[in-house]
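As provided, data-v2.cif (mmCIF, C-alpha atoms) reads as follows.
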data_start
loop_
_atom_site.label_atom_id
_atom_site.label_comp_id
_atom_site.auth_asym_id
_atom_site.auth_seq_id
_atom_site.Cartn_x
_atom_site.Cartn_y
_atom_site.Cartn_z
CA MET A 1 -60.03 17.96 -64.08
CA PRO A 2 -63.70 19.09 -64.12
CA GLN A 3 -66.20 16.25 -64.41
CA PRO A 4 -69.23 16.45 -66.73
CA THR A 5 -72.52 17.24 -65.02
CA PRO A 6 -74.53 14.00 -64.73
CA ARG A 7 -77.75 13.97 -66.65
CA LYS A 8 -80.92 13.65 -64.60
CA PRO A 9 -83.23 10.73 -65.42
CA THR A 10 -86.49 11.25 -67.25
CA LEU A 11 -89.60 10.68 -65.12
CA TYR A 12 -92.72 9.07 -66.45
CA THR A 13 -96.27 9.33 -65.09
CA VAL A 14 -99.80 8.60 -66.18
CA THR A 15 -102.62 11.16 -66.28
CA ALA A 16 -106.02 9.76 -67.22
CA ASP A 17 -105.27 7.72 -70.32
CA SER A 18 -102.06 9.56 -71.32
CA LEU A 19 -98.38 8.76 -70.63
CA VAL A 20 -96.40 11.91 -69.74
CA ALA A 21 -92.58 12.12 -69.85
CA ILE A 22 -90.92 14.82 -67.70
CA ASP A 23 -87.32 15.86 -68.51
CA LEU A 24 -85.74 17.64 -65.51
CA ASN A 25 -82.55 18.68 -67.34
CA PRO A 26 -82.04 22.46 -67.92
CA ARG A 27 -82.86 23.81 -71.33
CA THR A 28 -80.30 25.88 -73.29
CA ARG A 29 -81.59 28.07 -76.05
CA ILE A 30 -79.32 28.04 -79.06
CA ARG A 31 -79.78 30.85 -81.56
CA PRO A 32 -78.75 29.77 -85.03
CA ARG A 33 -76.09 31.89 -86.67
CA THR A 34 -76.99 33.42 -89.97
CA LYS A 35 -75.16 35.53 -92.47
CA THR A 36 -77.41 38.48 -91.72
CA ARG A 37 -77.02 38.19 -87.92
CA PRO A 38 -73.46 37.23 -86.93
CA ASP A 39 -72.48 36.32 -83.40
CA ALA A 40 -71.76 39.58 -81.49
CA ARG A 41 -68.86 37.91 -79.71
CA ASN A 42 -67.04 37.55 -83.03
CA ARG A 43 -67.42 41.20 -83.97
CA PRO A 44 -64.25 43.25 -83.81
CA PRO A 45 -64.28 45.98 -81.14
CA GLY A 46 -64.95 49.57 -82.16
CA PRO A 47 -62.08 52.05 -82.49
CA TYR A 48 -62.38 53.47 -78.97
CA ARG A 49 -63.19 50.17 -77.30
CA GLY A 50 -60.18 48.69 -79.06
CA LEU A 51 -57.91 51.29 -77.45
CA PHE A 52 -58.73 50.08 -73.97
CA THR A 53 -58.14 46.42 -74.69
CA VAL A 54 -54.44 47.18 -74.25
CA PRO A 55 -53.49 46.23 -70.65
CA GLY A 56 -53.03 49.20 -68.32
CA THR A 57 -54.68 51.80 -70.53
CA ARG A 58 -57.87 52.04 -68.49
CA ALA A 59 -55.98 52.66 -65.25
CA PHE A 60 -53.69 55.38 -66.58
CA THR A 61 -56.63 57.03 -68.38
CA ALA A 62 -58.61 57.15 -65.13
CA GLY A 63 -55.71 58.83 -63.35
CA ASN A 64 -55.21 61.14 -66.30
CA LEU A 65 -58.84 62.27 -66.20
CA LEU A 66 -58.68 63.02 -62.47
CA ALA A 67 -55.45 64.99 -62.81
CA ARG A 68 -56.49 66.94 -65.91
CA LEU A 69 -59.85 68.14 -64.64
CA PRO A 70 -58.18 70.72 -62.33
CA MET A 71 -56.48 72.29 -65.36
CA GLY A 72 -59.79 73.98 -66.08
CA MET A 73 -60.41 74.76 -62.41
CA PHE A 74 -57.33 76.55 -61.11
CA SER A 75 -57.60 79.82 -63.04
CA VAL A 76 -61.29 80.32 -62.31
CA SER A 77 -60.79 79.31 -58.67
CA ALA A 78 -57.89 81.75 -58.28
CA VAL A 79 -59.86 84.61 -59.81
CA VAL A 80 -62.90 83.97 -57.59
CA MET A 81 -60.76 83.49 -54.48
CA ILE A 82 -58.60 86.60 -54.97
CA ALA A 83 -61.34 88.89 -56.25
CA GLY A 84 -63.73 87.75 -53.54
CA THR A 85 -61.33 88.54 -50.70
CA ARG A 86 -59.31 91.45 -52.13
CA GLY A 87 -62.11 93.02 -54.17
CA SER A 88 -59.91 93.46 -57.25
CA TYR A 89 -60.39 91.65 -60.53
CA ALA A 90 -57.33 93.48 -61.85
CA LEU A 91 -55.16 91.86 -59.17
CA ALA A 92 -56.74 88.46 -59.80
CA GLY A 93 -56.16 88.75 -63.54
CA ALA A 94 -52.56 89.86 -63.07
CA VAL A 95 -51.83 86.92 -60.77
CA THR A 96 -53.27 84.36 -63.19
CA ALA A 97 -51.43 86.01 -66.11
CA THR A 98 -48.20 85.67 -64.17
CA GLY A 99 -48.85 81.96 -63.67
CA LEU A 100 -49.58 81.54 -67.37
CA THR A 101 -46.32 83.26 -68.31
CA ALA A 102 -44.33 81.20 -65.81
CA THR A 103 -45.89 78.01 -67.19
CA ALA A 104 -44.91 78.94 -70.73
CA LEU A 105 -41.29 79.35 -69.59
CA VAL A 106 -40.99 76.36 -67.24
CA ALA A 107 -43.12 73.70 -68.96
CA PRO A 108 -40.66 72.85 -71.79
CA TRP A 109 -37.86 72.28 -69.28
CA THR A 110 -40.10 70.08 -67.15
CA ALA A 111 -41.05 68.11 -70.24
CA ARG A 112 -37.41 67.61 -71.19
CA LEU A 113 -36.69 66.22 -67.72
CA VAL A 114 -39.67 63.88 -68.07
CA ASP A 115 -38.30 62.55 -71.37
CA ARG A 116 -34.84 62.10 -69.87
CA TYR A 117 -35.61 60.54 -66.48
CA GLY A 118 -39.09 59.11 -66.98
CA GLN A 119 -42.58 60.23 -66.09
CA ALA A 120 -42.75 58.75 -62.59
CA ARG A 121 -39.43 60.18 -61.36
CA VAL A 122 -40.12 63.74 -62.51
CA ALA A 123 -43.91 64.16 -62.58
CA VAL A 124 -44.52 63.34 -58.92
CA PRO A 125 -42.12 65.89 -57.35
CA ALA A 126 -43.08 68.49 -59.96
CA THR A 127 -46.77 67.97 -59.15
CA LEU A 128 -46.18 68.15 -55.40
CA LEU A 129 -44.28 71.44 -55.85
CA ALA A 130 -47.15 72.86 -57.90
CA ALA A 131 -49.66 71.67 -55.29
CA LEU A 132 -47.67 73.40 -52.56
CA GLY A 133 -47.77 76.58 -54.62
CA SER A 134 -51.57 76.42 -54.83
CA LEU A 135 -51.89 75.73 -51.11
CA ALA A 136 -49.50 78.58 -50.33
CA LEU A 137 -51.63 80.88 -52.49
CA LEU A 138 -54.72 79.81 -50.54
CA LEU A 139 -53.02 80.51 -47.20
CA CYS A 140 -51.69 83.88 -48.34
CA VAL A 141 -55.15 84.95 -49.48
CA ARG A 142 -56.68 83.82 -46.19
CA ALA A 143 -53.97 85.55 -44.15
CA ASP A 144 -54.27 88.80 -46.15
CA ALA A 145 -50.57 88.60 -47.05
CA PRO A 146 -48.95 91.25 -49.29
CA ALA A 147 -49.90 91.14 -52.95
CA TRP A 148 -46.43 90.13 -54.11
CA THR A 149 -46.76 86.82 -52.24
CA LEU A 150 -49.74 85.91 -54.43
CA PHE A 151 -47.65 86.34 -57.56
CA ALA A 152 -44.81 84.25 -56.13
CA CYS A 153 -47.11 81.43 -55.00
CA TYR A 154 -49.03 81.19 -58.24
CA ALA A 155 -45.81 81.24 -60.26
CA ALA A 156 -44.72 78.11 -58.35
CA THR A 157 -47.61 76.19 -59.92
CA ALA A 158 -45.81 76.41 -63.28
CA THR A 159 -44.07 73.10 -62.53
CA THR A 160 -47.32 71.21 -63.17
CA PRO A 161 -46.43 68.57 -65.80
CA ASN A 162 -48.22 68.52 -69.12
CA LEU A 163 -50.68 65.68 -68.50
CA GLY A 164 -51.94 65.70 -72.06
CA GLY A 165 -48.42 65.38 -73.44
CA MET A 166 -47.51 62.54 -71.10
CA SER A 167 -50.69 60.66 -71.94
CA ARG A 168 -50.14 61.10 -75.69
CA ALA A 169 -46.57 59.89 -75.23
CA ARG A 170 -47.89 56.71 -73.64
CA TRP A 171 -50.29 56.11 -76.51
CA ALA A 172 -47.49 56.73 -79.02
CA HIS A 173 -45.35 54.15 -77.19
CA LEU A 174 -48.09 51.55 -76.94
CA LEU A 175 -49.50 51.99 -80.46
CA ARG A 176 -46.28 52.47 -82.42
CA GLY A 177 -46.65 50.94 -85.85
CA ASP A 178 -50.44 51.41 -85.86
CA PRO A 179 -51.20 54.91 -87.21
CA ARG A 180 -54.96 54.30 -87.33
CA ALA A 181 -55.14 53.44 -83.63
CA LEU A 182 -52.83 56.34 -82.77
CA HIS A 183 -55.14 58.70 -84.68
CA THR A 184 -58.06 57.46 -82.57
CA ALA A 185 -56.03 57.86 -79.37
CA ASN A 186 -55.05 61.43 -80.25
CA SER A 187 -58.69 62.24 -81.00
CA PHE A 188 -59.72 60.79 -77.66
CA GLU A 189 -57.11 62.90 -75.85
CA GLN A 190 -58.31 66.06 -77.58
CA ALA A 191 -61.89 65.26 -76.59
CA VAL A 192 -60.68 64.83 -72.99
CA ASP A 193 -59.04 68.25 -73.16
CA GLU A 194 -62.28 69.83 -74.33
CA LEU A 195 -64.29 67.98 -71.69
CA CYS A 196 -61.98 69.06 -68.86
CA PHE A 197 -61.95 72.69 -69.94
CA MET A 198 -65.74 72.55 -70.27
CA LEU A 199 -66.46 70.96 -66.88
CA GLY A 200 -63.55 72.42 -64.89
CA PRO A 201 -64.73 76.06 -64.75
CA VAL A 202 -68.30 74.95 -63.98
CA LEU A 203 -67.13 72.74 -61.10
CA ALA A 204 -64.82 75.47 -59.77
CA ALA A 205 -67.56 78.11 -59.84
CA PHE A 206 -69.97 75.71 -58.11
CA LEU A 207 -67.54 74.83 -55.32
CA CYS A 208 -66.43 78.42 -54.70
CA GLY A 209 -69.99 79.74 -54.75
CA THR A 210 -71.62 76.96 -52.72
CA PHE A 211 -69.06 76.36 -49.97
CA PHE A 212 -66.27 78.94 -49.57
CA PRO A 213 -64.02 80.89 -51.99
CA GLU A 214 -61.04 78.58 -51.45
CA ALA A 215 -63.02 75.35 -52.10
CA GLY A 216 -62.23 75.26 -55.82
CA THR A 217 -58.47 75.54 -55.29
CA LEU A 218 -58.49 72.97 -52.51
CA ALA A 219 -60.49 70.45 -54.53
CA GLY A 220 -58.25 71.02 -57.54
CA VAL A 221 -55.13 70.22 -55.51
CA VAL A 222 -56.65 66.98 -54.19
CA LEU A 223 -57.73 65.86 -57.69
CA LEU A 224 -54.37 66.77 -59.23
CA VAL A 225 -52.23 64.89 -56.69
CA THR A 226 -54.53 61.86 -56.53
CA GLY A 227 -54.82 61.57 -60.29
CA MET A 228 -51.10 62.01 -60.86
CA LEU A 229 -50.21 59.30 -58.34
CA LEU A 230 -52.64 56.91 -60.01
CA PHE A 231 -51.32 57.84 -63.46
CA VAL A 232 -47.62 57.28 -62.73
CA ALA A 233 -48.35 54.07 -60.82
CA GLN A 234 -49.09 52.37 -64.15
CA ARG A 235 -45.44 51.64 -64.94
CA SER A 236 -46.21 49.01 -67.60
CA THR A 237 -47.52 51.67 -70.00
CA GLU A 238 -44.83 54.29 -69.31
CA PRO A 239 -42.54 55.00 -72.27
CA PRO A 240 -38.88 54.28 -71.56
CA ALA A 241 -36.71 57.19 -70.47
CA ASP A 242 -33.99 58.43 -72.82
CA GLU A 243 -31.10 60.09 -71.00
CA ARG A 244 -29.88 61.62 -74.25
CA ALA A 245 -33.08 63.69 -74.47
CA GLY A 246 -32.06 66.01 -71.65
CA ARG A 247 -28.37 66.19 -72.52
CA THR A 248 -28.71 67.23 -76.13
CA THR A 249 -28.03 70.87 -76.83
CA ALA A 250 -30.15 70.87 -79.98
CA SER A 251 -33.40 72.69 -79.37
CA LEU A 252 -36.61 71.45 -80.94
CA LEU A 253 -37.18 75.04 -82.02
CA HIS A 254 -34.63 74.35 -84.77
CA ALA A 255 -35.94 70.91 -85.76
CA PRO A 256 -37.18 70.69 -89.37
CA GLY A 257 -40.86 71.57 -89.63
CA ILE A 258 -41.31 72.43 -85.95
CA PRO A 259 -41.09 76.28 -86.04
CA PRO A 260 -44.01 76.76 -88.45
CA LEU A 261 -46.09 74.28 -86.45
CA LEU A 262 -45.45 76.30 -83.30
CA ALA A 263 -46.35 79.48 -85.17
CA VAL A 264 -49.67 77.91 -86.15
CA CYS A 265 -50.22 76.91 -82.51
CA LEU A 266 -49.58 80.51 -81.49
CA ALA A 267 -52.22 81.73 -83.94
CA MET A 268 -54.64 79.02 -82.78
CA GLY A 269 -54.15 80.13 -79.19
CA MET A 270 -55.11 83.65 -80.24
CA VAL A 271 -58.38 82.23 -81.56
CA PHE A 272 -59.21 80.59 -78.25
CA GLY A 273 -58.11 83.49 -76.05
CA ALA A 274 -59.96 86.14 -78.01
CA MET A 275 -63.12 84.03 -78.32
CA GLU A 276 -63.37 83.56 -74.56
CA VAL A 277 -62.92 87.22 -73.62
CA VAL A 278 -65.12 88.56 -76.42
CA THR A 279 -67.95 86.13 -75.64
CA ILE A 280 -67.92 87.16 -71.98
CA ALA A 281 -68.04 90.82 -73.02
CA PHE A 282 -70.86 90.15 -75.51
CA ALA A 283 -72.98 88.32 -72.92
CA ASP A 284 -72.38 91.13 -70.43
CA ALA A 285 -73.41 93.73 -73.00
CA LYS A 286 -76.65 91.83 -73.61
CA GLY A 287 -77.42 91.77 -69.88
CA HIS A 288 -76.73 88.08 -69.36
CA PRO A 289 -73.20 87.88 -67.92
CA SER A 290 -73.91 84.60 -66.13
CA ALA A 291 -74.75 82.91 -69.47
CA ALA A 292 -71.22 83.35 -70.84
CA GLY A 293 -69.99 80.12 -69.28
CA ALA A 294 -72.81 78.09 -70.80
CA VAL A 295 -72.31 79.68 -74.21
CA LEU A 296 -68.59 78.91 -74.18
CA GLY A 297 -69.43 75.42 -72.93
CA LEU A 298 -71.39 74.82 -76.14
CA GLN A 299 -68.29 75.60 -78.17
CA ALA A 300 -66.31 73.06 -76.14
CA ALA A 301 -69.16 70.52 -76.46
CA GLY A 302 -69.13 70.87 -80.26
CA SER A 303 -65.38 70.36 -80.30
CA CYS A 304 -65.59 67.33 -78.00
CA ALA A 305 -68.26 65.63 -80.14
CA ALA A 306 -66.39 66.36 -83.37
CA GLY A 307 -63.17 65.02 -81.87
CA LEU A 308 -64.75 61.70 -80.96
CA LEU A 309 -66.34 61.40 -84.40
CA TYR A 310 -63.06 62.32 -86.10
CA GLY A 311 -61.24 59.63 -84.18
CA ALA A 312 -63.76 56.98 -85.19
CA VAL A 313 -63.18 57.43 -88.93
CA LYS A 314 -60.15 56.37 -90.90
CA PRO A 315 -58.00 59.42 -91.77
CA ALA A 316 -57.71 60.03 -95.50
CA GLY A 317 -54.45 61.30 -96.96
CA PRO A 318 -51.31 62.51 -95.21
CA ALA A 319 -51.59 64.58 -92.05
CA ARG A 320 -50.18 67.72 -93.67
CA GLU A 321 -53.01 67.82 -96.24
CA ARG A 322 -55.67 67.13 -93.64
CA TYR A 323 -54.20 69.92 -91.51
CA LEU A 324 -54.68 72.45 -94.28
CA TRP A 325 -58.28 71.42 -94.82
CA CYS A 326 -59.01 71.50 -91.10
CA ILE A 327 -57.60 75.01 -90.67
CA ALA A 328 -59.49 76.21 -93.73
CA ALA A 329 -62.74 74.76 -92.34
CA MET A 330 -62.03 76.36 -88.97
CA THR A 331 -61.45 79.75 -90.59
CA ALA A 332 -64.71 79.49 -92.52
CA LEU A 333 -66.78 78.37 -89.52
CA LEU A 334 -65.39 81.12 -87.28
CA THR A 335 -67.19 83.64 -89.48
CA LEU A 336 -70.50 82.29 -88.12
CA PRO A 337 -70.16 83.87 -84.65
CA LEU A 338 -69.11 87.14 -86.27
CA LEU A 339 -72.16 87.11 -88.52
CA ALA A 340 -74.51 86.05 -85.71
CA ALA A 341 -73.26 88.85 -83.44
CA SER A 342 -73.20 91.58 -86.08
CA LEU A 343 -76.38 90.76 -88.02
CA THR A 344 -78.73 89.55 -85.29
CA GLY A 345 -77.22 90.51 -81.95
CA SER A 346 -78.93 87.46 -80.44
CA LEU A 347 -77.05 85.65 -77.68
CA TRP A 348 -78.91 82.41 -78.46
CA LEU A 349 -78.01 82.48 -82.14
CA LEU A 350 -74.46 83.24 -81.10
CA ALA A 351 -74.51 80.15 -78.87
CA GLY A 352 -75.66 77.99 -81.79
CA SER A 353 -73.00 79.42 -84.08
CA LEU A 354 -70.31 78.72 -81.47
CA LEU A 355 -71.53 75.12 -81.21
CA VAL A 356 -71.07 74.70 -84.95
CA ALA A 357 -67.78 76.64 -85.07
CA GLY A 358 -66.36 74.53 -82.26
CA MET A 359 -66.71 71.39 -84.37
CA ALA A 360 -63.62 72.37 -86.35
CA THR A 361 -61.44 72.82 -83.27
CA ALA A 362 -60.76 69.22 -82.25
CA PRO A 363 -59.97 67.86 -85.76
CA THR A 364 -57.57 70.76 -86.30
CA MET A 365 -55.81 70.21 -82.98
CA VAL A 366 -55.66 66.43 -83.42
CA THR A 367 -54.06 66.72 -86.85
CA GLY A 368 -51.66 69.40 -85.64
CA MET A 369 -50.53 67.24 -82.72
CA THR A 370 -50.05 64.34 -85.14
CA LEU A 371 -47.71 66.49 -87.22
CA VAL A 372 -45.83 67.52 -84.09
CA GLN A 373 -45.35 63.86 -83.20
CA GLU A 374 -44.11 63.10 -86.72
CA ARG A 375 -41.57 65.94 -86.64
CA THR A 376 -40.35 65.35 -83.07
CA PRO A 377 -37.30 63.10 -82.56
CA GLU A 378 -37.90 59.80 -80.80
CA GLY A 379 -37.47 60.05 -77.06
CA ARG A 380 -38.53 63.72 -76.98
CA VAL A 381 -42.24 63.39 -77.71
CA ASN A 382 -43.32 64.93 -74.41
CA GLU A 383 -41.06 67.93 -74.99
CA GLY A 384 -42.50 68.44 -78.47
CA MET A 385 -46.07 68.24 -77.20
CA THR A 386 -45.30 70.68 -74.40
CA LEU A 387 -43.78 73.17 -76.82
CA ALA A 388 -47.00 73.04 -78.84
CA VAL A 389 -49.04 73.65 -75.68
CA THR A 390 -46.70 76.50 -74.77
CA GLY A 391 -47.40 78.07 -78.15
CA LEU A 392 -51.12 77.75 -77.48
CA LEU A 393 -50.75 79.37 -74.05
CA GLY A 394 -48.79 82.27 -75.50
CA GLY A 395 -51.43 82.74 -78.17
CA ILE A 396 -54.22 82.64 -75.60
CA ALA A 397 -52.53 85.44 -73.66
CA VAL A 398 -52.11 87.58 -76.80
CA GLY A 399 -55.62 86.82 -78.05
CA SER A 400 -57.16 87.67 -74.69
CA ALA A 401 -55.40 91.02 -74.67
CA LEU A 402 -56.36 91.87 -78.27
CA GLY A 403 -59.94 90.69 -77.92
CA GLY A 404 -60.44 92.49 -74.62
CA ARG A 405 -58.98 95.73 -75.95
CA LEU A 406 -61.13 95.67 -79.07
CA ALA A 407 -64.25 94.77 -77.09
CA GLU A 408 -63.63 97.66 -74.67
CA HIS A 409 -62.67 100.38 -77.16
CA ALA A 410 -64.87 99.34 -80.10
CA SER A 411 -67.53 96.71 -79.35
CA ALA A 412 -67.83 93.07 -78.40
CA THR A 413 -69.23 92.36 -81.85
CA ALA A 414 -66.11 93.80 -83.49
CA GLY A 415 -64.03 91.61 -81.19
CA TYR A 416 -65.23 88.51 -83.02
CA GLY A 417 -63.07 89.64 -85.92
CA VAL A 418 -59.95 88.72 -83.94
CA PRO A 419 -60.54 84.93 -84.01
CA VAL A 420 -61.30 85.04 -87.74
CA ALA A 421 -58.14 87.03 -88.47
CA ALA A 422 -56.01 84.75 -86.28
CA ALA A 423 -57.35 81.63 -88.02
CA ALA A 424 -56.64 83.21 -91.40
CA VAL A 425 -53.05 83.89 -90.31
CA ALA A 426 -52.73 80.26 -89.20
CA LEU A 427 -53.98 79.13 -92.61
CA MET A 428 -51.44 81.31 -94.44
CA ILE A 429 -48.60 79.97 -92.30
CA ALA A 430 -49.73 76.39 -92.93
CA LEU A 431 -49.99 76.95 -96.69
CA ALA A 432 -46.52 78.48 -96.80
CA SER A 433 -45.03 75.61 -94.77
CA SER A 434 -46.83 72.60 -96.24
CA ARG A 435 -44.04 71.82 -98.71
CA ARG A 436 -41.47 71.95 -95.92
CA TRP A 437 -43.50 69.41 -93.92
CA ASN A 438 -43.57 67.24 -97.04
CA ARG A 439 -39.81 67.34 -97.63
CA SER A 440 -38.54 67.22 -94.07
CA PRO A 441 -37.75 63.73 -92.80
CA ARG A 442 -38.24 62.79 -89.17
CA PRO A 443 -35.28 64.35 -87.36
CA ALA A 444 -32.76 62.28 -85.51
CA ARG A 445 -32.12 62.52 -81.79
#

How would this structure read if it were set down as structure tokens?
Amino acid sequence: MPQPTPRKPTLYTVTADSLVAIDLNPRTRIRPRTKTRPDARNRPPGPYRGLFTVPGTRAFTAGNLLARLPMGMFSVSAVVMIAGTRGSYALAGAVTATGLTATALVAPWTARLVDRYGQARVAVPATLLAALGSLALLLCVRADAPAWTLFACYAATATTPNLGGMSRARWAHLLRGDPRALHTANSFEQAVDELCFMLGPVLAAFLCGTFFPEAGTLAGVVLLVTGMLLFVAQRSTEPPADERAGRTTASLLHAPGIPPLLAVCLAMGMVFGAMEVVTIAFADAKGHPSAAGAVLGLQAAGSCAAGLLYGAVKPAGPARERYLWCIAAMTALLTLPLLAASLTGSLWLLAGSLLVAGMATAPTMVTGMTLVQERTPEGRVNEGMTLAVTGLLGGIAVGSALGGRLAEHASATAGYGVPVAAAAVALMIALASSRRWNRSPRPAR
């Protein structure tokens, strides 16, 4: 039992005609508490700080960040590596498109296995297989192997688990019964997505340009494997596996409310795919092709900031109503890049308009993912999230093709009409389906 610190005696001395008392005990300054200045220690934590008071959340988030950063690196690294050695952007684009298509087909099955057997048992071998595919692609490029080997190797990377879906599934498990905290967690995850897709291409371009063409792919593999191992090591936060999730024959494509949500995701993907290709074409037409990355980075920065702000406020009304307002705001703001490109032709004004337009992206995606979680049966959350991401990937492929074709045969300025039209289609689908989301109960397993 700790003993109290003994108090030191007071010393007395005489100076001239005065008696002086010297107290050698340490002084402790006590600030009085007032109603206007409460003790900071008694203040409740903020919404984001409160998330990480849950044990284990900081560790799995750190691993998640490491593993998700390569998601924005691999495509750019592959394009630079293949085009730099083979001298063909067409071949590089075809290889990456093949990987995107393979991911759209394989990812839902991987997610179903994750829900059935658990994240640790499935994610690690799936990640290692994807890493081997990337390393095989690197070796085939270095060895000047036939072109078909590049397609086969990059298709093998489709087994990469959906890190965002697994992380959101953990938050849903830890914060069940607390919709406000889950809203904040979903907003944080969306901001992480934007941050990774903003920093990933920049890091990949830096590594490939500074060191050697394969540096981006190699660094991405190391980050992916390291981050995944750290992520799955946090077993205390892992949601329990549900063996019935993989055995059921019922597809989530037929679950009430899910098909229109996936259709909206498809349209949203068209927005993102077209915006990227058209912005690159516009910057090239203005004689500043190297500025395209920075301009697109502003759009991601606006989305990231809006996502964090959206997560800090209490959501008002049901998710289905907020979803409609978010899509409507996104449709309206996407007219700004079209107006900036057509009326001024200034790349800098376009960059500012993309920064503002990007602010509607994260709130829309956060609310959409919330609806997906509400409509997905328990035990299959990761599969539902992955289906939504698959819809986005399919839309990105379609939007890239439409935007690129319009930019090549008409003009880059006209290409900015594709994101506006796609957002308007998403709004019409959401309006037509809002009553169904209202009536449909949460489906059973």

(message) Using Å and a single decimal, report how far atom CA of Ala67 of chain A sits from atom CA of Gly200 of chain A.
(response) 11.2 Å

(message) So that I can see what lies close to segment 330-332 of chain A, please list as number ranges by chain the residues with an atom at most 8 Å from it, counting all atoms listed in the file and leaving out residues fewer than 6 positions away in the same chain.
(response) A: 357, 360-361, 364, 420, 423-424, 427

(request) Could you give me, as a ChimeraX atom specification, the residues within 10 Å of Phe188 of chain A, counting all atoms listed in the file and dropping anything in the same chain fewer than 5 positions from it? (result) /A:48,51,168,182-183,193-194,304,307-312,362,366

(request) Report as a VMD selection string the full result of the PyMOL selection byres ((chain A and resi 107-112) around 7) when it is applied to this structure. (result) chain A and resid 103 to 106 113 to 116 158 to 159 161 245 to 246 382 to 383 386 to 387

(message) I'd like to see the residues matched by the PyMOL selection byres ((chain A and resi 221-237) around 6) on this file, and ideally I'd get them as a PyMOL selection string.
(response) chain A and resi 60+63-64+66-67+120+131+218-220+238

(request) Return the single residue from A:Ala300, A:Ala281, A:Ala130, A:Tyr117 that is closest to Leu199 of chain A, with distances computed using all atoms listed in the file. (result) A:Ala300

(request) For each of A:Arg170, A:Arg86, A:Arg180, A:Arg375, take the minimum atom-to-atom distance to Val141 of chain A, counting only C-alpha atoms, then give the residue where this is smallest. (result)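 Of all the options, A:Arg86 lies closest to Val141 of chain A.
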
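Close to (-57.8, 81.3, -43.3), meaning no more than 12 Å away when counting only C-alpha atoms, sit the residues A:Met81, A:Thr85, A:Leu135, A:Ala136, A:Leu137, A:Leu138, A:Leu139, A:Cys140, A:Val141, A:Arg142, A:Ala143, A:Asp144, A:Ala145, A:Phe212, A:Pro213, A:Glu214, A:Ala215.
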
(request) Could you give me, as a list in words, the residues that have an atom at most 12 Å away from the point (-76.2, 87.9, -86.1) in the coordinates of the file, using all atoms listed in the file? (result)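 Here is the list of nearby residues: Thr335, Leu336, Pro337, Leu338, Leu339, Ala340, Ala341, Ser342, Leu343, Thr344, Gly345, Ser346, Leu347, Trp348, Leu349, Leu350, Ala351, Gly352, Ser353, Leu354, Thr413, Ala414 and Tyr416 of chain A.
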
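Separating atom CA of Ala328 of chain A from atom CA of Cys265 of chain A is a distance of 14.6 Å.
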
(message) Just to confirm, what's the straight-line distance from atom CA of Pro289 of chain A to atom CA of Ala155 of chain A in Å (one decimal)?
(response) 29.2 Å

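Distances to Leu69 of chain A were evaluated for A:Leu402, A:Val202, A:Met275, A:Ala432 using only C-alpha atoms, and the minimum falls at A:Val202.
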
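Residue membership of the PyMOL selection byres ((chain A and resi 295-298) around 6) in the shown file amounts to Met198, Ala292, Gly293, Ala294, Gln299, Ala300, Ala301, Ala351 and Leu355 of chain A.
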
Given the selection you just returned, output its residues as a file containing C-alpha atoms, formatted as an mmCIF file, keeping the file's coordinate frame.
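Written file, selection_15.cif:
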data_model
loop_
_atom_site.group_PDB
_atom_site.id
_atom_site.type_symbol
_atom_site.label_atom_id
_atom_site.label_comp_id
_atom_site.auth_asym_id
_atom_site.auth_seq_id
_atom_site.Cartn_x
_atom_site.Cartn_y
_atom_site.Cartn_z
ATOM 1 C CA MET A 198 -65.740 72.550 -70.270
ATOM 2 C CA ALA A 292 -71.220 83.350 -70.840
ATOM 3 C CA GLY A 293 -69.990 80.120 -69.280
ATOM 4 C CA ALA A 294 -72.810 78.090 -70.800
ATOM 5 C CA GLN A 299 -68.290 75.600 -78.170
ATOM 6 C CA ALA A 300 -66.310 73.060 -76.140
ATOM 7 C CA ALA A 301 -69.160 70.520 -76.460
ATOM 8 C CA ALA A 351 -74.510 80.150 -78.870
ATOM 9 C CA LEU A 355 -71.530 75.120 -81.210
#

(message) If we count all atoms listed in the file and set the cut-off at 8 Å, which residues sit around segment 266-268 of chain A, ignoring sequence neighbours fewer than 3 positions away in its own chain? Please answer as a VMD selection string.
(response) chain A and resid 262 to 263 271 to 272 391 to 396 422 to 423 425 to 426

(request) Could you tell me which of A:Thr376, A:Thr217, A:Thr390, A:Thr184 comes closest to Gly50 of chain A if we count all atoms listed in the file? (result)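 That would be A:Thr184, the residue with the smallest distance to Gly50 of chain A.
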
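Between Ala97 of chain A and the candidates A:Gly269, A:Ser434, A:Ala181, A:Ala401, the tightest atom-to-atom separation, counting only C-alpha atoms, involves A:Ala401.
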
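Counting all atoms listed in the file and comparing A:Val277, A:Met365, A:Ile258, A:Ala205, the residue that lies closest to Gly399 of chain A is A:Val277.
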